[in-house]
Structures are given as C-alpha cells and as structure tokens.
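A.B. asks: Okay, so here is data-v7.txt, and as you'll see once you scroll down, it has compact mmCIF, N, CA and C atoms.
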```
# COMPACT_ATOMS: atom_id res chain seq x y z
N MET A 1 -16.01 31.23 20.43
CA MET A 1 -14.74 31.25 19.73
C MET A 1 -14.95 31.92 18.38
N ASP A 2 -14.09 32.87 18.08
CA ASP A 2 -14.11 33.54 16.78
C ASP A 2 -13.36 32.69 15.75
N VAL A 3 -13.92 32.59 14.57
CA VAL A 3 -13.27 31.89 13.47
C VAL A 3 -12.94 32.91 12.40
N THR A 4 -11.67 32.94 12.00
CA THR A 4 -11.23 33.84 10.94
C THR A 4 -10.41 33.05 9.93
N THR A 5 -10.22 33.64 8.78
CA THR A 5 -9.32 33.04 7.80
C THR A 5 -8.11 33.93 7.66
N ASP A 6 -7.01 33.33 7.28
CA ASP A 6 -5.77 34.07 7.09
C ASP A 6 -5.02 33.42 5.94
N ALA A 7 -4.90 34.12 4.83
CA ALA A 7 -4.25 33.58 3.64
C ALA A 7 -2.80 33.19 3.89
N ARG A 8 -2.18 33.74 4.93
CA ARG A 8 -0.78 33.42 5.22
C ARG A 8 -0.60 31.99 5.70
N LEU A 9 -1.70 31.31 6.05
CA LEU A 9 -1.63 29.92 6.49
C LEU A 9 -1.82 28.93 5.33
N ALA A 10 -1.89 29.45 4.12
CA ALA A 10 -2.06 28.59 2.95
C ALA A 10 -0.82 27.75 2.70
N GLU A 11 -0.99 26.67 1.95
CA GLU A 11 0.13 25.82 1.60
C GLU A 11 1.15 26.59 0.77
N ARG A 12 2.36 26.15 0.84
CA ARG A 12 3.43 26.70 0.03
C ARG A 12 3.12 26.44 -1.44
N ALA A 13 3.37 27.42 -2.28
CA ALA A 13 3.15 27.25 -3.72
C ALA A 13 4.31 26.45 -4.32
N PHE A 14 3.98 25.43 -5.08
CA PHE A 14 5.00 24.59 -5.70
C PHE A 14 5.06 24.77 -7.21
N GLY A 15 4.44 25.81 -7.72
CA GLY A 15 4.57 26.17 -9.13
C GLY A 15 4.22 25.04 -10.08
N VAL A 16 5.10 24.82 -11.06
CA VAL A 16 4.82 23.82 -12.09
C VAL A 16 4.77 22.40 -11.55
N TRP A 17 5.21 22.19 -10.32
CA TRP A 17 5.10 20.86 -9.71
C TRP A 17 3.68 20.54 -9.26
N GLU A 18 2.86 21.54 -9.06
CA GLU A 18 1.51 21.29 -8.56
C GLU A 18 0.73 20.45 -9.56
N GLY A 19 0.07 19.42 -9.06
CA GLY A 19 -0.72 18.54 -9.90
C GLY A 19 0.09 17.46 -10.60
N THR A 20 1.38 17.34 -10.27
CA THR A 20 2.22 16.32 -10.89
C THR A 20 2.51 15.20 -9.89
N THR A 21 2.95 14.08 -10.41
CA THR A 21 3.36 12.96 -9.56
C THR A 21 4.86 13.04 -9.32
N VAL A 22 5.33 12.25 -8.37
CA VAL A 22 6.77 12.18 -8.12
C VAL A 22 7.48 11.72 -9.39
N ALA A 23 6.92 10.72 -10.07
CA ALA A 23 7.53 10.22 -11.32
C ALA A 23 7.63 11.33 -12.36
N ASP A 24 6.60 12.17 -12.47
CA ASP A 24 6.65 13.30 -13.40
C ASP A 24 7.80 14.24 -13.05
N ARG A 25 7.92 14.54 -11.77
CA ARG A 25 8.96 15.49 -11.34
C ARG A 25 10.36 14.93 -11.56
N VAL A 26 10.54 13.64 -11.28
CA VAL A 26 11.85 13.02 -11.49
C VAL A 26 12.20 13.03 -12.97
N ARG A 27 11.22 12.74 -13.81
CA ARG A 27 11.45 12.71 -15.27
C ARG A 27 11.70 14.11 -15.83
N ASP A 28 10.87 15.10 -15.40
CA ASP A 28 10.89 16.41 -16.03
C ASP A 28 11.86 17.40 -15.39
N THR A 29 12.13 17.25 -14.11
CA THR A 29 12.97 18.22 -13.40
C THR A 29 13.91 17.51 -12.42
N PRO A 30 14.77 16.62 -12.92
CA PRO A 30 15.60 15.82 -12.01
C PRO A 30 16.52 16.64 -11.12
N GLN A 31 17.07 17.76 -11.62
CA GLN A 31 17.94 18.58 -10.78
C GLN A 31 17.16 19.23 -9.65
N ALA A 32 15.93 19.64 -9.93
CA ALA A 32 15.09 20.23 -8.89
C ALA A 32 14.75 19.19 -7.83
N VAL A 33 14.50 17.96 -8.24
CA VAL A 33 14.22 16.88 -7.28
C VAL A 33 15.44 16.64 -6.40
N GLU A 34 16.63 16.67 -6.98
CA GLU A 34 17.85 16.51 -6.18
C GLU A 34 17.97 17.61 -5.14
N ARG A 35 17.68 18.85 -5.53
CA ARG A 35 17.72 19.96 -4.56
C ARG A 35 16.68 19.74 -3.47
N TRP A 36 15.48 19.34 -3.85
CA TRP A 36 14.40 19.08 -2.88
C TRP A 36 14.82 17.99 -1.89
N ASP A 37 15.39 16.91 -2.41
CA ASP A 37 15.81 15.80 -1.55
C ASP A 37 16.95 16.20 -0.61
N ALA A 38 17.68 17.26 -0.98
CA ALA A 38 18.76 17.77 -0.13
C ALA A 38 18.26 18.91 0.78
N TYR A 39 16.93 19.03 0.92
CA TYR A 39 16.29 20.05 1.78
C TYR A 39 16.59 21.47 1.32
N SER A 40 16.73 21.65 0.01
CA SER A 40 16.89 22.98 -0.56
C SER A 40 15.65 23.32 -1.36
N ASP A 41 15.52 24.58 -1.72
CA ASP A 41 14.40 24.97 -2.58
C ASP A 41 14.56 24.29 -3.93
N PRO A 42 13.46 23.75 -4.47
CA PRO A 42 13.59 23.10 -5.77
C PRO A 42 13.88 24.08 -6.89
N GLY A 43 13.42 25.32 -6.75
CA GLY A 43 13.69 26.33 -7.76
C GLY A 43 12.94 26.12 -9.06
N VAL A 44 11.77 25.49 -8.98
CA VAL A 44 10.98 25.31 -10.21
C VAL A 44 10.14 26.55 -10.45
N GLU A 45 9.80 26.75 -11.70
CA GLU A 45 9.02 27.93 -12.09
C GLU A 45 7.75 28.06 -11.26
N GLY A 46 7.57 29.24 -10.68
CA GLY A 46 6.36 29.53 -9.92
C GLY A 46 6.35 29.05 -8.49
N SER A 47 7.44 28.41 -8.05
CA SER A 47 7.46 27.91 -6.67
C SER A 47 7.80 29.03 -5.69
N GLU A 48 7.24 28.93 -4.51
CA GLU A 48 7.48 29.91 -3.45
C GLU A 48 8.72 29.50 -2.68
N PRO A 49 9.67 30.40 -2.50
CA PRO A 49 10.85 30.06 -1.70
C PRO A 49 10.45 29.63 -0.28
N ALA A 50 11.16 28.65 0.24
CA ALA A 50 10.85 28.12 1.58
C ALA A 50 10.89 29.22 2.63
N ALA A 51 11.86 30.10 2.55
CA ALA A 51 11.97 31.17 3.55
C ALA A 51 10.74 32.07 3.53
N ASP A 52 10.22 32.36 2.35
CA ASP A 52 9.02 33.20 2.25
C ASP A 52 7.81 32.52 2.87
N ALA A 53 7.64 31.22 2.58
CA ALA A 53 6.51 30.48 3.14
C ALA A 53 6.62 30.41 4.66
N GLY A 54 7.82 30.13 5.16
CA GLY A 54 8.03 30.06 6.61
C GLY A 54 7.77 31.38 7.30
N THR A 55 8.24 32.45 6.69
CA THR A 55 8.06 33.78 7.28
C THR A 55 6.59 34.15 7.35
N ARG A 56 5.85 33.96 6.26
CA ARG A 56 4.44 34.36 6.28
C ARG A 56 3.63 33.53 7.26
N PHE A 57 3.91 32.23 7.34
CA PHE A 57 3.19 31.37 8.28
C PHE A 57 3.52 31.76 9.72
N ALA A 58 4.80 31.99 9.99
CA ALA A 58 5.23 32.39 11.33
C ALA A 58 4.64 33.74 11.73
N GLU A 59 4.61 34.69 10.80
CA GLU A 59 4.03 36.00 11.09
C GLU A 59 2.55 35.88 11.45
N ALA A 60 1.84 35.01 10.74
CA ALA A 60 0.41 34.82 11.05
C ALA A 60 0.24 34.24 12.45
N LEU A 61 1.02 33.22 12.79
CA LEU A 61 0.91 32.63 14.13
C LEU A 61 1.27 33.64 15.21
N ALA A 62 2.34 34.39 14.99
CA ALA A 62 2.76 35.38 15.99
C ALA A 62 1.69 36.46 16.17
N GLU A 63 1.14 36.94 15.08
CA GLU A 63 0.12 37.99 15.15
C GLU A 63 -1.13 37.50 15.89
N HIS A 64 -1.62 36.33 15.53
CA HIS A 64 -2.83 35.82 16.17
C HIS A 64 -2.58 35.47 17.64
N SER A 65 -1.42 34.92 17.94
CA SER A 65 -1.15 34.55 19.34
C SER A 65 -0.93 35.77 20.23
N ALA A 66 -0.56 36.89 19.64
CA ALA A 66 -0.41 38.13 20.42
C ALA A 66 -1.76 38.67 20.85
N ARG A 67 -2.81 38.32 20.11
CA ARG A 67 -4.16 38.83 20.40
C ARG A 67 -5.02 37.86 21.21
N HIS A 68 -4.62 36.58 21.25
CA HIS A 68 -5.45 35.57 21.88
C HIS A 68 -4.59 34.66 22.77
N GLU A 69 -5.18 34.20 23.86
CA GLU A 69 -4.44 33.29 24.75
C GLU A 69 -4.16 31.95 24.08
N SER A 70 -5.13 31.43 23.35
CA SER A 70 -4.98 30.17 22.63
C SER A 70 -5.41 30.36 21.19
N VAL A 71 -4.69 29.73 20.29
CA VAL A 71 -4.98 29.83 18.86
C VAL A 71 -4.94 28.44 18.26
N LEU A 72 -5.95 28.10 17.49
CA LEU A 72 -5.94 26.88 16.69
C LEU A 72 -5.77 27.33 15.25
N ALA A 73 -4.64 27.03 14.66
CA ALA A 73 -4.37 27.41 13.28
C ALA A 73 -4.41 26.15 12.42
N VAL A 74 -5.15 26.20 11.33
CA VAL A 74 -5.27 25.07 10.42
C VAL A 74 -4.59 25.46 9.12
N GLY A 75 -3.66 24.64 8.69
CA GLY A 75 -2.94 24.93 7.46
C GLY A 75 -2.47 23.64 6.82
N HIS A 76 -1.46 23.72 6.00
CA HIS A 76 -0.91 22.57 5.30
C HIS A 76 0.48 22.24 5.81
N GLY A 77 0.87 20.98 5.63
CA GLY A 77 2.09 20.43 6.23
C GLY A 77 3.38 21.15 5.92
N ALA A 78 3.66 21.42 4.66
CA ALA A 78 4.94 22.05 4.31
C ALA A 78 5.01 23.47 4.87
N ALA A 79 3.96 24.24 4.69
CA ALA A 79 3.96 25.62 5.19
C ALA A 79 4.01 25.63 6.72
N ALA A 80 3.29 24.72 7.35
CA ALA A 80 3.30 24.65 8.82
C ALA A 80 4.69 24.30 9.33
N ARG A 81 5.33 23.31 8.71
CA ARG A 81 6.69 22.93 9.13
C ARG A 81 7.63 24.12 9.01
N LEU A 82 7.58 24.80 7.88
CA LEU A 82 8.47 25.94 7.67
C LEU A 82 8.17 27.07 8.64
N GLY A 83 6.90 27.30 8.92
CA GLY A 83 6.52 28.34 9.88
C GLY A 83 7.00 28.02 11.28
N ILE A 84 6.85 26.77 11.69
CA ILE A 84 7.32 26.35 13.02
C ILE A 84 8.83 26.47 13.11
N GLN A 85 9.52 26.01 12.09
CA GLN A 85 10.98 26.13 12.10
C GLN A 85 11.41 27.59 12.15
N SER A 86 10.68 28.46 11.47
CA SER A 86 10.98 29.89 11.50
C SER A 86 10.79 30.45 12.91
N LEU A 87 9.67 30.10 13.54
CA LEU A 87 9.41 30.58 14.91
C LEU A 87 10.50 30.12 15.88
N LEU A 88 11.02 28.92 15.66
CA LEU A 88 12.04 28.36 16.55
C LEU A 88 13.45 28.80 16.18
N GLY A 89 13.58 29.61 15.12
CA GLY A 89 14.90 30.11 14.71
C GLY A 89 15.75 29.06 14.03
N MET A 90 15.12 28.06 13.42
CA MET A 90 15.84 26.95 12.81
C MET A 90 16.15 27.14 11.33
N GLY A 91 15.61 28.15 10.69
CA GLY A 91 15.79 28.29 9.26
C GLY A 91 14.92 27.31 8.51
N THR A 92 15.20 27.10 7.24
CA THR A 92 14.32 26.30 6.40
C THR A 92 14.91 24.97 5.96
N GLY A 93 16.13 24.69 6.34
CA GLY A 93 16.76 23.44 5.90
C GLY A 93 16.26 22.24 6.66
N ARG A 94 17.15 21.33 6.91
CA ARG A 94 16.77 20.11 7.62
C ARG A 94 16.22 20.44 8.98
N GLY A 95 15.22 19.77 9.34
CA GLY A 95 14.56 20.00 10.62
C GLY A 95 13.51 18.94 10.83
N PHE A 96 12.29 19.27 10.52
CA PHE A 96 11.18 18.35 10.69
C PHE A 96 10.64 17.96 9.33
N GLU A 97 9.99 16.80 9.28
CA GLU A 97 9.20 16.45 8.11
C GLU A 97 7.93 17.28 8.16
N GLY A 98 7.28 17.46 7.04
CA GLY A 98 6.00 18.18 7.04
C GLY A 98 4.96 17.42 7.85
N LEU A 99 4.02 18.13 8.39
CA LEU A 99 2.93 17.48 9.09
C LEU A 99 2.05 16.76 8.09
N GLY A 100 1.66 15.54 8.41
CA GLY A 100 0.78 14.77 7.54
C GLY A 100 -0.67 15.22 7.71
N ASN A 101 -1.53 14.71 6.85
CA ASN A 101 -2.96 15.02 6.95
C ASN A 101 -3.47 14.66 8.34
N THR A 102 -4.20 15.55 8.92
CA THR A 102 -4.83 15.45 10.24
C THR A 102 -3.82 15.46 11.39
N GLN A 103 -2.56 15.72 11.13
CA GLN A 103 -1.58 15.81 12.22
C GLN A 103 -1.49 17.24 12.73
N SER A 104 -0.97 17.38 13.93
CA SER A 104 -0.91 18.71 14.54
C SER A 104 0.38 18.90 15.32
N ALA A 105 0.60 20.13 15.71
CA ALA A 105 1.73 20.50 16.55
C ALA A 105 1.20 21.43 17.64
N VAL A 106 1.89 21.44 18.77
CA VAL A 106 1.52 22.32 19.87
C VAL A 106 2.74 23.17 20.21
N LEU A 107 2.54 24.48 20.19
CA LEU A 107 3.60 25.42 20.52
C LEU A 107 3.15 26.29 21.68
N ARG A 108 4.10 26.78 22.45
CA ARG A 108 3.81 27.73 23.52
C ARG A 108 4.67 28.96 23.29
N ARG A 109 4.04 30.11 23.49
CA ARG A 109 4.74 31.38 23.31
C ARG A 109 4.81 32.09 24.64
N ARG A 110 6.01 32.55 24.96
CA ARG A 110 6.23 33.44 26.10
C ARG A 110 7.02 34.61 25.56
N ALA A 111 6.36 35.76 25.52
CA ALA A 111 6.93 36.95 24.89
C ALA A 111 7.25 36.58 23.44
N ASP A 112 8.51 36.70 23.03
CA ASP A 112 8.88 36.31 21.66
C ASP A 112 9.62 34.99 21.62
N ASP A 113 9.53 34.23 22.70
CA ASP A 113 10.20 32.93 22.78
C ASP A 113 9.18 31.82 22.54
N TRP A 114 9.43 30.99 21.56
CA TRP A 114 8.53 29.90 21.20
C TRP A 114 9.13 28.57 21.61
N ARG A 115 8.29 27.68 22.10
CA ARG A 115 8.69 26.32 22.46
C ARG A 115 7.78 25.34 21.73
N LEU A 116 8.38 24.32 21.16
CA LEU A 116 7.63 23.25 20.52
C LEU A 116 7.38 22.18 21.56
N LEU A 117 6.11 21.96 21.90
CA LEU A 117 5.76 20.98 22.92
C LEU A 117 5.44 19.61 22.32
N ARG A 118 4.80 19.59 21.17
CA ARG A 118 4.44 18.34 20.49
C ARG A 118 4.47 18.58 18.99
N TYR A 119 4.81 17.52 18.25
CA TYR A 119 4.85 17.64 16.79
C TYR A 119 4.43 16.30 16.19
N GLY A 120 3.61 16.35 15.16
CA GLY A 120 3.20 15.14 14.47
C GLY A 120 2.13 14.36 15.22
N ILE A 121 1.35 15.03 16.03
CA ILE A 121 0.30 14.36 16.80
C ILE A 121 -0.80 13.95 15.83
N GLY A 122 -1.21 12.70 15.91
CA GLY A 122 -2.28 12.21 15.05
C GLY A 122 -1.84 10.99 14.29
N PRO A 123 -2.66 10.55 13.34
CA PRO A 123 -2.34 9.35 12.58
C PRO A 123 -1.01 9.49 11.85
N SER A 124 -0.24 8.43 11.85
CA SER A 124 1.04 8.44 11.14
C SER A 124 0.80 8.31 9.65
N THR A 125 1.58 9.06 8.90
CA THR A 125 1.54 8.93 7.43
C THR A 125 2.78 8.22 6.92
N VAL A 126 3.60 7.72 7.84
CA VAL A 126 4.82 7.02 7.48
C VAL A 126 4.49 5.54 7.33
N PRO A 127 4.74 4.97 6.15
CA PRO A 127 4.42 3.55 5.98
C PRO A 127 5.43 2.66 6.70
N GLY A 128 4.92 1.63 7.35
CA GLY A 128 5.79 0.64 7.97
C GLY A 128 6.43 1.12 9.26
N PRO A 129 7.25 0.25 9.86
CA PRO A 129 7.91 0.61 11.13
C PRO A 129 8.97 1.66 10.92
N LEU A 130 9.18 2.47 11.93
CA LEU A 130 10.21 3.51 11.85
C LEU A 130 11.55 2.96 12.24
```
Please go through the file and, once you have read it, give me the structure as structure tokens.

C.D. replies:
Amino acid sequence: MDVTTDARLAERAFGVWEGTTVADRVRDTPQAVERWDAYSDPGVEGSEPAADAGTRFAEALAEHSARHESVLAVGHGAAARLGIQSLLGMGTGRGFEGLGNTQSAVLRRRADDWRLLRYGIGPSTVPGPL
C-alpha cells in the first residue's frame, strides 16, 4: 500500500478562534458563535469558508479514488464532514455533525455518483444518551 500526504485533507482553518475555548468565543465573538450555531460560517478573521474546505476535501477524495480502487483518507472532523457533504451534493449547511476523534465514514463511488454507506463509526464523542 502506498502512503501519501495531501494538504487538502487538513482541518478547516478557524482563524482567530484557533486555540480558544468556547467560553472565549462566546465572550469575544458572540455574533460569530450565533452564526456557527445556525450552521453558517462564523466569519471570524482568518477562518476558511465552509464551502472552500468542503471543496478541497472533496476534490482530494475524488482525485485519489479515481486512481485507486480503495482509499483510506485520514483527516479532521469538520473538513471531512464538509467534504462528504460536498461529494453528496448537500452543500455546507445542516447535515451531519463533524466526525469525532477516531471516527470514520465509508463512501462508495460509482463514476461521479457517491454513496454514504456508514458515518460516525467508532467511539461516540456524544456525552450521555442520545
């Protein structure tokens, strides 16, 4: 198996929010938090638009899957969610929660048609009963 790296699978950039706590964000950028909670781009300085993150992640998956029968892509939850939603034609709004640490998704590609077979496989990061 060949192992390669692809910068397009990197986590979405969150700009000035990176390295902050939820409490910091609520205190310092309450309007941005409201947008985030409404599944919109927070619009904070230096943040990557959701559509851009989804497009780059989806392009990487499509490119690698066109060359290989099976692909294992390792990335981060927000970028992976956006990329999967992009591949499925769902846009960047409400859809799935981000994948938690050590969680995975399984997709199948036939030509340019993508199917989501499994999502959120692995340990749950949701506290308490659903």

A.B. asks: Which one is closest to Ala105 of chain A: A:Thr20, A:Leu117, A:Glu45, A:Gln85? Count all atoms listed in the file.

C.D. replies: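 Going through A:Thr20, A:Leu117, A:Glu45, A:Gln85 one by one, the smallest distance to Ala105 of chain A is for A:Leu117.
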
A.B. asks: Atom CA of Ala80 of chain A and atom CA of Arg12 of chain A are how many Å apart?

C.D. replies: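 Interatomic distance, atom CA of Ala80 of chain A to atom CA of Arg12 of chain A: 9.0 Å.
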
A.B. asks: If we draw a sphere of 6.5 Å around (10.3, 24.5, 6.2), which residues have at least one atom in it when counting all atoms listed in the file? Please report them as a list of chain:residue names.

C.D. replies: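 With a cut-off of 6.5 Å, the residues come to A:Ala50, A:Gly54, A:Ala78, A:Ala79, A:Ala80, A:Arg81, A:Leu82, A:Gly83, A:Gln85, A:Gly91, A:Thr92, A:Gly93.
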
A.B. asks: Grab the atom C of Gly77 of chain A to atom N of Met1 of chain A distance for me, in Å with one decimal place.

C.D. replies: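 Rounded to one decimal, the two atoms are 26.2 Å apart.
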
A.B. asks: Which is closer to Arg115 of chain A than all the others in A:Leu87, A:Glu48, A:Pro42, A:Asn101, using all atoms listed in the file?

C.D. replies: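 Between A:Leu87, A:Glu48, A:Pro42, A:Asn101, the residue approaching Arg115 of chain A most closely is A:Leu87.
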
A.B. asks: Given the choices A:Arg25, A:Ile121, A:Arg109, A:Glu18, which gets closest to Glu69 of chain A if the distance is worked out from only C-alpha atoms?

C.D. replies: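 Comparing A:Arg25, A:Ile121, A:Arg109, A:Glu18 against Glu69 of chain A, the winner is A:Arg109.
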
A.B. asks: With 3 Å added on each side, what axis-aligned box encloses every listed atom of segment 29-48 of chain A? Give the centre and edge lengths in Å to one decimal, as AutoDock Vina command-line options.

C.D. replies:
```
--center_x 12.6 --center_y 22.9 --center_z -6.2 --size_x 18.4 --size_y 20.1 --size_z 21.9
```

A.B. asks: Can you list, as a PyMOL selection string, every protein, DNA or RNA residue that comes within 10 Å of Val3 of chain A when you count only C-alpha atoms, leaving out same-chain residues fewer than 2 positions away?

C.D. replies: chain A and resi 1+5+72-73

A.B. asks: Counting only C-alpha atoms, which of A:Gly95, A:Gly75, A:Gly120, A:Gly89 gets nearest to Ala7 of chain A?

C.D. replies: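 Closest candidate: A:Gly75.
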
A.B. asks: Can you tell me how far atom N of Val106 of chain A sits from atom C of Gly15 of chain A, in Å to one decimal?

C.D. replies: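 Computed distance, atom N of Val106 of chain A to atom C of Gly15 of chain A, equals 29.2 Å.
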
A.B. asks: Out of segment 26-114 of chain A, which residues get strand (DSSP E) from DSSP, as an MDAnalysis selection string?

C.D. replies: chainID A and resid 104:110 113:114

A.B. asks: Can you work out which one of A:Trp114, A:Phe57, A:Trp17, A:Tyr119 has the shortest atom-to-atom distance to Glu97 of chain A, counting only C-alpha atoms?

C.D. replies: A:Tyr119

A.B. asks: Which residue is closest to Glu11 of chain A? Choose from A:Met90, A:Val33, A:Ala53, A:Ala38 and count only N, CA and C atoms.

C.D. replies: A:Ala53

A.B. asks: To test your reading of the structure, identify every residue in chain A that backbone DSSP assigns to alpha helix (DSSP H), and report it as a count of residues only.

C.D. replies: 44

A.B. asks: As a PDB file, keeping the file's coordinate frame, please: segment 78-88 of chain A completed to all heavy atoms.

C.D. replies:
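Saved as part-v2.pdb:
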```pdb
ATOM      1  N   ALA A  78       3.660  21.420   4.660  1.00  0.00           N
ATOM      2  CA  ALA A  78       4.940  22.050   4.310  1.00  0.00           C
ATOM      3  C   ALA A  78       5.010  23.470   4.870  1.00  0.00           C
ATOM      4  O   ALA A  78       6.017  23.857   5.474  1.00  0.00           O
ATOM      5  CB  ALA A  78       5.146  22.057   2.799  1.00  0.00           C
ATOM      6  N   ALA A  79       3.960  24.240   4.690  1.00  0.00           N
ATOM      7  CA  ALA A  79       3.960  25.620   5.190  1.00  0.00           C
ATOM      8  C   ALA A  79       4.010  25.630   6.720  1.00  0.00           C
ATOM      9  O   ALA A  79       4.716  26.451   7.314  1.00  0.00           O
ATOM     10  CB  ALA A  79       2.732  26.368   4.687  1.00  0.00           C
ATOM     11  N   ALA A  80       3.290  24.720   7.350  1.00  0.00           N
ATOM     12  CA  ALA A  80       3.300  24.650   8.820  1.00  0.00           C
ATOM     13  C   ALA A  80       4.690  24.300   9.330  1.00  0.00           C
ATOM     14  O   ALA A  80       5.190  24.920  10.273  1.00  0.00           O
ATOM     15  CB  ALA A  80       2.276  23.635   9.311  1.00  0.00           C
ATOM     16  N   ARG A  81       5.330  23.310   8.710  1.00  0.00           N
ATOM     17  CA  ARG A  81       6.690  22.930   9.130  1.00  0.00           C
ATOM     18  C   ARG A  81       7.630  24.120   9.010  1.00  0.00           C
ATOM     19  O   ARG A  81       8.390  24.429   9.931  1.00  0.00           O
ATOM     20  CB  ARG A  81       7.215  21.780   8.268  1.00  0.00           C
ATOM     21  CG  ARG A  81       8.697  21.468   8.555  1.00  0.00           C
ATOM     22  CD  ARG A  81       9.255  20.430   7.596  1.00  0.00           C
ATOM     23  NE  ARG A  81       9.359  20.864   6.228  1.00  0.00           N
ATOM     24  CZ  ARG A  81      10.398  21.539   5.712  1.00  0.00           C
ATOM     25  NH1 ARG A  81      11.414  21.892   6.479  1.00  0.00           N
ATOM     26  NH2 ARG A  81      10.417  21.882   4.454  1.00  0.00           N
ATOM     27  N   LEU A  82       7.580  24.800   7.880  1.00  0.00           N
ATOM     28  CA  LEU A  82       8.470  25.940   7.670  1.00  0.00           C
ATOM     29  C   LEU A  82       8.170  27.070   8.640  1.00  0.00           C
ATOM     30  O   LEU A  82       9.088  27.723   9.152  1.00  0.00           O
ATOM     31  CB  LEU A  82       8.362  26.425   6.226  1.00  0.00           C
ATOM     32  CG  LEU A  82       8.890  25.443   5.176  1.00  0.00           C
ATOM     33  CD1 LEU A  82       8.429  25.850   3.785  1.00  0.00           C
ATOM     34  CD2 LEU A  82      10.396  25.329   5.259  1.00  0.00           C
ATOM     35  N   GLY A  83       6.900  27.300   8.920  1.00  0.00           N
ATOM     36  CA  GLY A  83       6.520  28.340   9.880  1.00  0.00           C
ATOM     37  C   GLY A  83       7.000  28.020  11.280  1.00  0.00           C
ATOM     38  O   GLY A  83       7.527  28.885  11.990  1.00  0.00           O
ATOM     39  N   ILE A  84       6.850  26.770  11.690  1.00  0.00           N
ATOM     40  CA  ILE A  84       7.320  26.350  13.020  1.00  0.00           C
ATOM     41  C   ILE A  84       8.830  26.470  13.110  1.00  0.00           C
ATOM     42  O   ILE A  84       9.366  26.994  14.087  1.00  0.00           O
ATOM     43  CB  ILE A  84       6.829  24.928  13.330  1.00  0.00           C
ATOM     44  CG1 ILE A  84       5.311  24.937  13.533  1.00  0.00           C
ATOM     45  CG2 ILE A  84       7.547  24.359  14.551  1.00  0.00           C
ATOM     46  CD1 ILE A  84       4.676  23.549  13.547  1.00  0.00           C
ATOM     47  N   GLN A  85       9.520  26.010  12.090  1.00  0.00           N
ATOM     48  CA  GLN A  85      10.980  26.130  12.100  1.00  0.00           C
ATOM     49  C   GLN A  85      11.410  27.590  12.150  1.00  0.00           C
ATOM     50  O   GLN A  85      12.379  27.940  12.822  1.00  0.00           O
ATOM     51  CB  GLN A  85      11.593  25.408  10.895  1.00  0.00           C
ATOM     52  CG  GLN A  85      11.546  23.908  11.024  1.00  0.00           C
ATOM     53  CD  GLN A  85      12.191  23.160   9.876  1.00  0.00           C
ATOM     54  OE1 GLN A  85      11.858  22.030   9.660  1.00  0.00           O
ATOM     55  NE2 GLN A  85      13.108  23.753   9.137  1.00  0.00           N
ATOM     56  N   SER A  86      10.680  28.460  11.470  1.00  0.00           N
ATOM     57  CA  SER A  86      10.980  29.890  11.500  1.00  0.00           C
ATOM     58  C   SER A  86      10.790  30.450  12.910  1.00  0.00           C
ATOM     59  O   SER A  86      11.645  31.189  13.418  1.00  0.00           O
ATOM     60  CB  SER A  86      10.099  30.626  10.496  1.00  0.00           C
ATOM     61  OG  SER A  86      10.353  32.015  10.518  1.00  0.00           O
ATOM     62  N   LEU A  87       9.670  30.100  13.540  1.00  0.00           N
ATOM     63  CA  LEU A  87       9.410  30.580  14.910  1.00  0.00           C
ATOM     64  C   LEU A  87      10.500  30.120  15.880  1.00  0.00           C
ATOM     65  O   LEU A  87      10.852  30.832  16.818  1.00  0.00           O
ATOM     66  CB  LEU A  87       8.048  30.087  15.401  1.00  0.00           C
ATOM     67  CG  LEU A  87       6.838  30.741  14.773  1.00  0.00           C
ATOM     68  CD1 LEU A  87       5.574  29.987  15.169  1.00  0.00           C
ATOM     69  CD2 LEU A  87       6.741  32.204  15.151  1.00  0.00           C
ATOM     70  N   LEU A  88      11.020  28.920  15.660  1.00  0.00           N
ATOM     71  CA  LEU A  88      12.040  28.360  16.550  1.00  0.00           C
ATOM     72  C   LEU A  88      13.450  28.800  16.180  1.00  0.00           C
ATOM     73  O   LEU A  88      14.410  28.401  16.834  1.00  0.00           O
ATOM     74  CB  LEU A  88      11.950  26.823  16.538  1.00  0.00           C
ATOM     75  CG  LEU A  88      10.634  26.226  17.037  1.00  0.00           C
ATOM     76  CD1 LEU A  88      10.638  24.715  16.839  1.00  0.00           C
ATOM     77  CD2 LEU A  88      10.384  26.592  18.487  1.00  0.00           C
TER      78      LEU A  88
END
```
